[in-house]
Structure formats: structure tokens, C-alpha cells
Amino acid sequence: MIREGGQIIVVVIAALGVVLFSVLFIIAGSQLYFQNASYTLDAEMATSLAEAGVDKALQSINRTGGSYSGESETSLGKGSYSVTVTAQDAANKLVESTGFVPNKANPRAKRTIKITVSRGVGASFVYGIQVGEGGLELGNSNIITGSVYSNGSITGGNGNKITGDVWVAGGPQADADRETDCEGSNCSDFIFGTTVAGQSQLDVAQSFKPAVAEVLNRIFIKVKRIGSVQAPDATVRILKDKSGEPDKNQVLATGTLYRNLTSDVNYGWIEVTFDSLPALTAGTTYWLMVDVSYSAANYWTWQADLAKSYACGTPDTCIAKWSPDWKAGNSVWTLINADLSFKTFMGGAPTSVDGGVGKGINVKKDASGNGGSVHANTIRNITMEADAYYKTIDNSEAANFYPNSDDPPPKSFPLSDVNVSDWQRQAGACDSQGNNCQNEVVGDITTCISVLESKKYVGNVTFGSNCNVTVKSPVWITGNLTFNSGNILRLDPAYGETSGVIVVGTDTGGGIVTLGSNNRLEGTGSGSSILMVLSTYDSQTSGTSAIVITNIGNSGVFYASRGIIEPGNHNTFKELTAWGIKLVNNGTIDYTTGLSSTLFTSGPTGSYSLVKGTYQVK
């Protein structure tokens with residue numbers, strides 16, 4: 001019995017030990033769980049504090065014109081944050097914000113967020129040559145290394161070689177088929193993409209009736225952005241009508257409203273083109289709809305006409321509406337008591353690409369085996385290493401033939417009139433209307449200067465010979481720009497991998513650019529930085545060329561969205577964009593791939609915004 005009693009005591013002690021261990025294990029686990037939960041909460045709080053520091057930094061950078069450099073420790077809620085701002089180049093800054101809980105001296109948790117902010121305008125030059133309705137004229141023996149996209153016809157002489165694809169869009173009418181705008185006190189703002197009076201106004205649509213039966217070639221809408229240029233783009237759709245509302249099951253075409261083409265200061269007509277061209281019926285109601293995602297800080301306004309002056313046709317039933325979700329099962333559309341500013345352009349005369357006698361245009365594949373195809377309504381006298389897409393073809397060679405192909409849709413230019421106006425305003429430190437400029441140089445410049453500052457130059461600028469000029473972007477020359485020979489204009493190295501622009505001309509005059517021989521426009525030398533000369537001259541009615549480049553040794557990037565460029569002979573360019581281009585003899589376009597994501601600095605008064613893809617947490 002004594003022996004059994006001793007065994008019972010041992011068992012009891014062992015059981016008590018197991019219970020005690022279990023209790024201690026549970027207590028320890030609970031304490032560890034509590035510590036982990038507390039740390040997770042503190043870490044999340046530290047992240048929120050760091051984000052608050054980023055928001056404060058971006059706001060302060062824009063408020064101070066870029067002079068804000070950070071702050072050591074700012075208390076907020078149950079913690080604090082510290083911010084440092086480091087200039088990477090003339091357009092970009094690195095913002096580093098660290099959140100601390102409860103403070104910087106004795107933190108239980110801390111998190112650091114890094115972002116890059118840029119005072120820049122993004123542009124996408126994806127073709128070696130991009131041309132508007134003025135078309136492309138090729139003389140003899142020109143070499144284009146890169147694809148060509150033209151909204152007008154292409155003609156060629158002898159011995160021209162294009163390494164890439166050739167696209168010739170179907171031509172639009174010269175005048176708008178339908179349009180409406182506002183005047184004076186009848187102009188108002190319709191806000192969308194955010195919450196207004198407690199309601200999510202995300203999708204907005206304007207109905208219209210075409211005057212003719214044709215394909216819808218392109219549209220313009222008059223909008224302005226609120227907030228960052230780096231926020232998401234908007235989707236534009238053409239829909240059929242169903243009982244006075246957009247029919248979500250009848251989407252005829254889809255395009256993109258690019259945010260980088262808009263201004264946060266003034267309204268502008270922004271072009272939208274579509275992936276395919278929908279055929280519309282005259283007198284039938286359709287809807288032009290813009291669809292955006294929600295944001296409290298980055299949204300849009302569409303200029304509205306309170307007078308509702310849009311002459312819709314008979315019966316006059318065209319209206320505007322908004323919805324919180326156009327795709328919802330029971331989507332709700334609310335009437336807007338105004339018309340929204342827009343223009344529609346229908347299809348016009350067919351376009352063509354014609355190599356002339358002797359098949360003077362040879363379209364080849366590149367070194368990777370891409371390209372070599374032609375897409376056009378009519379193809380004549382062309383040799384293609386790859387495929388031909390067409391409705392009509394004559395005297396042409398290709399690997400494969402695709403008859404009855406749709407005409408390619410037109411493409412928007414990489415920059416808008418609003419971008420140009422912003423550069424002009426920023427260079428001259430002008431008000432929102434481009435007046436009362438505080439940063440002007442008045443009078444013609446006729447001698448070499450070492451630095452072309454970011455200013456408004458009221459007059460003509462002429463460089464004689466062998467001038468070496470450092471350029472600070474953006475520059476605005478209200479008159480004409482002339483180069484004799486041997487001049488080098490180089491973007492200030494402080495701009496890093498960003499690019500610069502010289503804007504020449506105004507809405508009412510100037511804008512003629514003339515180059516002699518051996519003139520070079522160069523970027524900073526870092527990355528794909530470029531220095532571009534942009535002319536505002538309008539050649540569409542006068543027929544006079546906006547940019548004339550004579551023979552031998554000139555290089556650079558030139559842009560004239562309303563003008564004609566004559567690139568001359570024996571010159572080499574990275575890219576050309578114009579309403580019309582006359583490439584005469586022995587010219588070379590050697591497209592640089594990096595131009596597809598070019599960032600132009602916006603100047604000293606431009607606003608900073610987050611560069612997509614740079615957000616990091618550690």
C-alpha cells in the first residue's frame with residue numbers, strides 16, 4: 001500500500017507538471033500573440049505615418065516651387081514622421097519618409113517609404129516618323145529605321161527603304177460632323193471620377209447623332225485633370241442607345257483619354273482615337289462615354305454648356321448623363337442639365353501608299369524579324385518583305401496578302417496643344433491665361449550665347465556659326481528660330497535622363513525654324529534624353545513649311561503638329577512628327593527605342609507628381 005501511495009503521488013506530481021507546463025505554454029503563446037499583434041498594429045501605424053509624410057512632402061514641394069527639402073521629426077497622432085528630399089536631376093526628386101511609433105528616439109516600429117516625384121510631361125514617340133493628314137512625301141534613297149504611321153497618304157520616288165511597319169490611316173473629314181462648346185458665363189465644370197455631394201460620379205456620357213453615315217474616325221473632348229498627371233488614364237467608349245441611356249451591351253469602339261495630354265490649369269481639346277472605326281448611321285442616337293476609376297485626389301472635369309446649345313438634329317433629344325457604374329446589372333443614369341463639349345469627325349477620302357514607278361518603297365523586317373508589313377486602304381508599287389493589308393492593291397509584292405482589311409484608325413500625336421501651352425506658360429512664368437509673364441527677354445538675339453535659359457524670348461533667335469549653347473528647358477521663342485551652320489545646342493546635364501523642349505511661335509505668329517548645315521540638337525547624354533524643337537506654325541492653309549532643314553550633317557528631334565517639316569538631304573534624325581513631312585533625298589531616320597517613354601521637364605513652375613512604379617516600402 002505504501003508503495004502504491006508513492007506511485008500515486010508521482011502520478012499527481014507529473015499531471016500537475018503537465019498542467020502547469022500547458023498553462024505556461026498557453027500564457028507564453030498568448031503573450032507572444034499579443035506582442036505580434038501589437039507589433040503588427042504599430043508597423044501598420046508606422047506605415048500610415050510614413051505615407052502621411054509623403055503626402056506632406058508632395059504638397060510642400062508643389063507649394064514652394066520645389067524648394068522644400070524635408071523635416072526632421074513631425075508629431076502626428078501616436079507617432080511621428082521624418083522626411084528627406086534629394087534632387088536627382090532638374091526634373092526628379094527622391095522623397096524618403098520614415099514613420100515612427102511612438103517616436104524617433106525610441107521606436108517600437110518604423111517604416112520607410114521611398115518615391116520619386118517628377119516635374120515632367122510624359123510623351124510616347126513609338127514611330128520613327130509620325131505624320132498627320134498632310135501625309136509623307138519621300139523623294140529618293142531615304143532610309144527610315146523604324147515604323148511609320150501616317151494619317152495621310154504616303155508617296156515615294158526611287159530607292160526608299162523602311163525597316164519596320166507602315167500604317168496609313170483612313171482619312172477623316174476636314175470639318176467636324178458634330179460639335180458643341182460653351183461661351184462666357186454659360187461655361188461650367190462637370191466633375192467626375194470622384195465623390196460629388198455624396199455621390200460617386202464615375203462614368204459620364206454625352207449623346208449625339210451623326211449627320212452622315214460613315215465610320216467615326218476620331219473625337220475631341222474638352223477636359224481638364226485635377227491632381228497628378230501620373231494617375232490612371234480614362235477609357236472612352238462609343239455605345240448604342242437603349243431607351244435614352246447608353247447600352248452597356250452594345251459597345252461599338254474603345255479608345256483611351258491620355259492623362260498626360262491634359263492640363264491641371266486650363267481646359268483643352270484632347271484627341272481620342274479608337275482601336276477600330278465604328279460605322280455609324282446618320283440621325284441615329286449614340287453615346288460618347290468616358291469611364292474612370294474613383295480617386296479622392298486625382299479626378300477630371302469636363303467643360304459643360306449650361307445653355308445646352310448643341311443642335312442635335314430632329315428631334316432634338318441629345319442629352320448628357322452620369323452613372324456610378326455603367327456596367328452594373330441595373331445601372332442608374334442621372335441627367336446632367338448641360339451639354340458636354342465635344343467634336344466628332346467622320347471618315348473621308350480613302351488614303352494610299354504609293355511607291356511610284358519602279359516600286360520605289362521597300363518595306364523590310366528589322367534585325368529581330370519584326371515589321372516588313374504595310375496596312376493601308378490602297379497599296380501601289382510597293383515591295384513588302386512581310387504582309388499586305390488592304391482593300392485595293394496594284395503592282396506590289398508581299399509574302400502574304402490580306403484583302404478586304406479594315407483601314408487603320410488614325411493615331412493621336414504624342415503631345416497635345418495643352419502640353420505646348422503649359423510649356424509656354426511655365427517658361428515665361430505667365431498666369432493661367434499665358435499673360436502677365438514675369439520671365440521675359442525682349443528683343444532679337446543675333447549672337448552666340450552660352451546659355452539659353454528657361455524663359456520667354458519675345459522676338460527672333462538666330463545662331464550664326466559654331467555656337468555651343470547649353471539649354472535649360474522649357475524655352476519659349478515667340479518669333480522664329482534660325483541656325484546657320486556648325487551649332488550645337490545641348491540640354492543642361494542637370495536634367496539627367498529627362499528631356500527638354502524649345503517651343504517656337506505663338507497662336508498668332510512666328511514658329512518658322514530654319515537650319516543650315518551641321519547643326520546638332522543633343523540631350524544631356526544620359527539615358528534616352530533628347531532636346532526637341534517644336535514649332536507651332538500652321539502650314540495647313542498657307543502651305544508654307546514650319547521647319548526647313550537644308551543639307552548635310554543636321555540631327556535632332558523635330559515636332560510640328562500643325563506644320564510641314566522639310567528634313568533636307570544627308571541629315572540624320574532620331575524621330576520626326578508633323579502634320580506633313582517632305583523627306584527629299586538621302587535622308588536618314590534612325591529611331592531610338594527609348595523615345596517610347598520620353599519624360600520632358602515641365603519647367604520651374606511645373607507641378608510635381610508621383611512617378612509610377614517608384615513606390616517602395618521597407
# chains A, B, ... in the order shown; residues from 1 in each chain; ligands from 1
call {"tool": "select_by_dssp", "arguments": {"residues": "range 385-599 of chain A", "states": "strand (DSSP E)", "output": "VMD selection string"}}
result
chain A and resid 387 to 389 392 to 394 400 to 402 440 to 442 451 to 452 456 to 458 461 to 465 468 to 471 475 to 477 481 to 485 488 to 491 500 to 504 513 to 517 520 to 522 531 to 535 547 to 549 557 to 566 572 to 573 575 to 585 588 to 590 598 to 599
call {"tool": "write_last_selection", "arguments": {"atoms": "C-alpha atoms", "output": "PDB file, in the first residue's frame"}}
result
ATOM      1  CA  ASP A 387       2.375  41.148 -95.270  1.00  0.00           C
ATOM      2  CA  ALA A 388      -0.015  43.429 -97.155  1.00  0.00           C
ATOM      3  CA  TYR A 389      -3.325  44.508 -95.547  1.00  0.00           C
ATOM      4  CA  THR A 392      -7.076  47.725-103.152  1.00  0.00           C
ATOM      5  CA  ILE A 393      -3.609  46.633-104.314  1.00  0.00           C
ATOM      6  CA  ASP A 394      -1.688  47.125-107.545  1.00  0.00           C
ATOM      7  CA  ASN A 400       1.146  37.255 -97.697  1.00  0.00           C
ATOM      8  CA  PHE A 401      -1.905  39.167 -98.910  1.00  0.00           C
ATOM      9  CA  TYR A 402      -4.936  40.121 -96.771  1.00  0.00           C
ATOM     10  CA  GLU A 440      10.797  87.525 -70.357  1.00  0.00           C
ATOM     11  CA  VAL A 441      13.714  88.555 -72.537  1.00  0.00           C
ATOM     12  CA  VAL A 442      12.558  91.188 -75.031  1.00  0.00           C
ATOM     13  CA  VAL A 451      23.161  79.557 -72.039  1.00  0.00           C
ATOM     14  CA  LEU A 452      19.606  79.613 -73.356  1.00  0.00           C
ATOM     15  CA  LYS A 456      10.130  83.528 -72.783  1.00  0.00           C
ATOM     16  CA  TYR A 457      12.149  85.166 -75.574  1.00  0.00           C
ATOM     17  CA  VAL A 458       9.998  87.839 -77.208  1.00  0.00           C
ATOM     18  CA  VAL A 461      16.599  83.950 -82.091  1.00  0.00           C
ATOM     19  CA  THR A 462      19.397  83.487 -84.631  1.00  0.00           C
ATOM     20  CA  PHE A 463      22.558  81.455 -84.124  1.00  0.00           C
ATOM     21  CA  GLY A 464      25.261  82.188 -86.683  1.00  0.00           C
ATOM     22  CA  SER A 465      28.004  79.582 -86.851  1.00  0.00           C
ATOM     23  CA  ASN A 468      27.899  75.987 -78.308  1.00  0.00           C
ATOM     24  CA  VAL A 469      24.791  76.586 -76.233  1.00  0.00           C
ATOM     25  CA  THR A 470      23.581  74.968 -73.017  1.00  0.00           C
ATOM     26  CA  VAL A 471      19.774  74.830 -72.911  1.00  0.00           C
ATOM     27  CA  VAL A 475      12.265  77.552 -73.659  1.00  0.00           C
ATOM     28  CA  TRP A 476       9.673  79.661 -75.480  1.00  0.00           C
ATOM     29  CA  ILE A 477      10.669  81.751 -78.510  1.00  0.00           C
ATOM     30  CA  LEU A 481      14.473  80.289 -84.775  1.00  0.00           C
ATOM     31  CA  THR A 482      17.363  80.237 -87.250  1.00  0.00           C
ATOM     32  CA  PHE A 483      20.624  78.249 -87.312  1.00  0.00           C
ATOM     33  CA  ASN A 484      23.401  78.934 -89.799  1.00  0.00           C
ATOM     34  CA  SER A 485      25.998  76.147 -89.539  1.00  0.00           C
ATOM     35  CA  ILE A 488      25.491  72.602 -81.042  1.00  0.00           C
ATOM     36  CA  LEU A 489      22.596  73.003 -78.604  1.00  0.00           C
ATOM     37  CA  ARG A 490      22.886  70.637 -75.650  1.00  0.00           C
ATOM     38  CA  LEU A 491      20.433  70.171 -72.780  1.00  0.00           C
ATOM     39  CA  GLY A 500      13.941  69.256 -72.946  1.00  0.00           C
ATOM     40  CA  VAL A 501      11.937  71.317 -75.410  1.00  0.00           C
ATOM     41  CA  ILE A 502      12.296  74.602 -77.292  1.00  0.00           C
ATOM     42  CA  VAL A 503       8.851  75.883 -78.307  1.00  0.00           C
ATOM     43  CA  VAL A 504       8.917  78.276 -81.269  1.00  0.00           C
ATOM     44  CA  VAL A 513      12.508  77.128 -87.870  1.00  0.00           C
ATOM     45  CA  THR A 514      15.385  77.113 -90.373  1.00  0.00           C
ATOM     46  CA  LEU A 515      18.622  75.113 -90.194  1.00  0.00           C
ATOM     47  CA  GLY A 516      21.700  75.379 -92.386  1.00  0.00           C
ATOM     48  CA  SER A 517      24.295  72.587 -92.240  1.00  0.00           C
ATOM     49  CA  ARG A 520      23.071  69.288 -83.728  1.00  0.00           C
ATOM     50  CA  LEU A 521      20.413  69.179 -81.033  1.00  0.00           C
ATOM     51  CA  GLU A 522      21.505  66.928 -78.179  1.00  0.00           C
ATOM     52  CA  LEU A 531      16.347  68.077 -76.940  1.00  0.00           C
ATOM     53  CA  MET A 532      13.365  68.728 -79.194  1.00  0.00           C
ATOM     54  CA  VAL A 533      12.472  71.772 -81.273  1.00  0.00           C
ATOM     55  CA  LEU A 534       8.696  72.223 -81.514  1.00  0.00           C
ATOM     56  CA  SER A 535       7.086  74.629 -83.977  1.00  0.00           C
ATOM     57  CA  ILE A 547      10.617  73.604 -90.219  1.00  0.00           C
ATOM     58  CA  VAL A 548      13.072  73.705 -93.108  1.00  0.00           C
ATOM     59  CA  ILE A 549      16.363  71.830 -92.757  1.00  0.00           C
ATOM     60  CA  VAL A 557      14.175  65.592 -82.903  1.00  0.00           C
ATOM     61  CA  PHE A 558      11.656  67.952 -84.526  1.00  0.00           C
ATOM     62  CA  TYR A 559       7.917  68.345 -83.976  1.00  0.00           C
ATOM     63  CA  ALA A 560       5.260  70.374 -85.832  1.00  0.00           C
ATOM     64  CA  SER A 561       1.733  69.062 -85.204  1.00  0.00           C
ATOM     65  CA  ARG A 562       0.181  71.711 -87.492  1.00  0.00           C
ATOM     66  CA  GLY A 563       3.139  72.234 -89.766  1.00  0.00           C
ATOM     67  CA  ILE A 564       5.174  70.741 -92.583  1.00  0.00           C
ATOM     68  CA  ILE A 565       8.754  69.588 -91.973  1.00  0.00           C
ATOM     69  CA  GLU A 566      11.290  69.523 -94.814  1.00  0.00           C
ATOM     70  CA  THR A 572      20.083  62.077 -89.602  1.00  0.00           C
ATOM     71  CA  PHE A 573      17.227  62.323 -87.118  1.00  0.00           C
ATOM     72  CA  GLU A 575      12.370  60.966 -84.820  1.00  0.00           C
ATOM     73  CA  LEU A 576      10.115  63.348 -86.762  1.00  0.00           C
ATOM     74  CA  THR A 577       6.483  64.213 -86.004  1.00  0.00           C
ATOM     75  CA  ALA A 578       4.490  66.658 -88.138  1.00  0.00           C
ATOM     76  CA  TRP A 579       1.201  67.318 -89.899  1.00  0.00           C
ATOM     77  CA  GLY A 580       3.098  66.754 -93.138  1.00  0.00           C
ATOM     78  CA  ILE A 581       6.669  65.684 -93.989  1.00  0.00           C
ATOM     79  CA  LYS A 582       8.602  66.113 -97.249  1.00  0.00           C
ATOM     80  CA  LEU A 583      11.649  63.864 -96.982  1.00  0.00           C
ATOM     81  CA  VAL A 584      13.546  64.680-100.177  1.00  0.00           C
ATOM     82  CA  ASN A 585      16.742  62.713-100.907  1.00  0.00           C
ATOM     83  CA  THR A 588      18.104  59.035 -92.569  1.00  0.00           C
ATOM     84  CA  ILE A 589      15.691  58.472 -89.700  1.00  0.00           C
ATOM     85  CA  ASP A 590      17.307  56.222 -87.096  1.00  0.00           C
ATOM     86  CA  THR A 598      10.174  60.174 -73.024  1.00  0.00           C
ATOM     87  CA  LEU A 599       9.822  62.448 -69.983  1.00  0.00           C
TER      88      LEU A 599
END
call {"tool": "residues_around", "arguments": {"residues": "Thr383 in chain A", "least_positions_apart": "4", "cutoff": "8 Å", "atoms": "only C-alpha atoms", "output": "ChimeraX atom specification"}}
result
/A:359,361-363,396-398
call {"tool": "closest_residue", "arguments": {"among": "A:Ile270, A:Val212, A:Leu306, A:Ala43", "to": "Thr284 in chain A", "atoms": "only C-alpha atoms"}}
result
A:Val212
call {"tool": "closest_residue", "arguments": {"among": "A:Asn106, A:Gln130, A:Thr317, A:Gln201", "to": "Ser243 in chain A", "atoms": "only C-alpha atoms"}}
result
A:Thr317
call {"tool": "closest_residue", "arguments": {"among": "A:Lys365, A:Asp264, A:Asp247, A:Tyr299", "to": "Ser331 in chain A", "atoms": "only C-alpha atoms"}}
result
A:Asp247
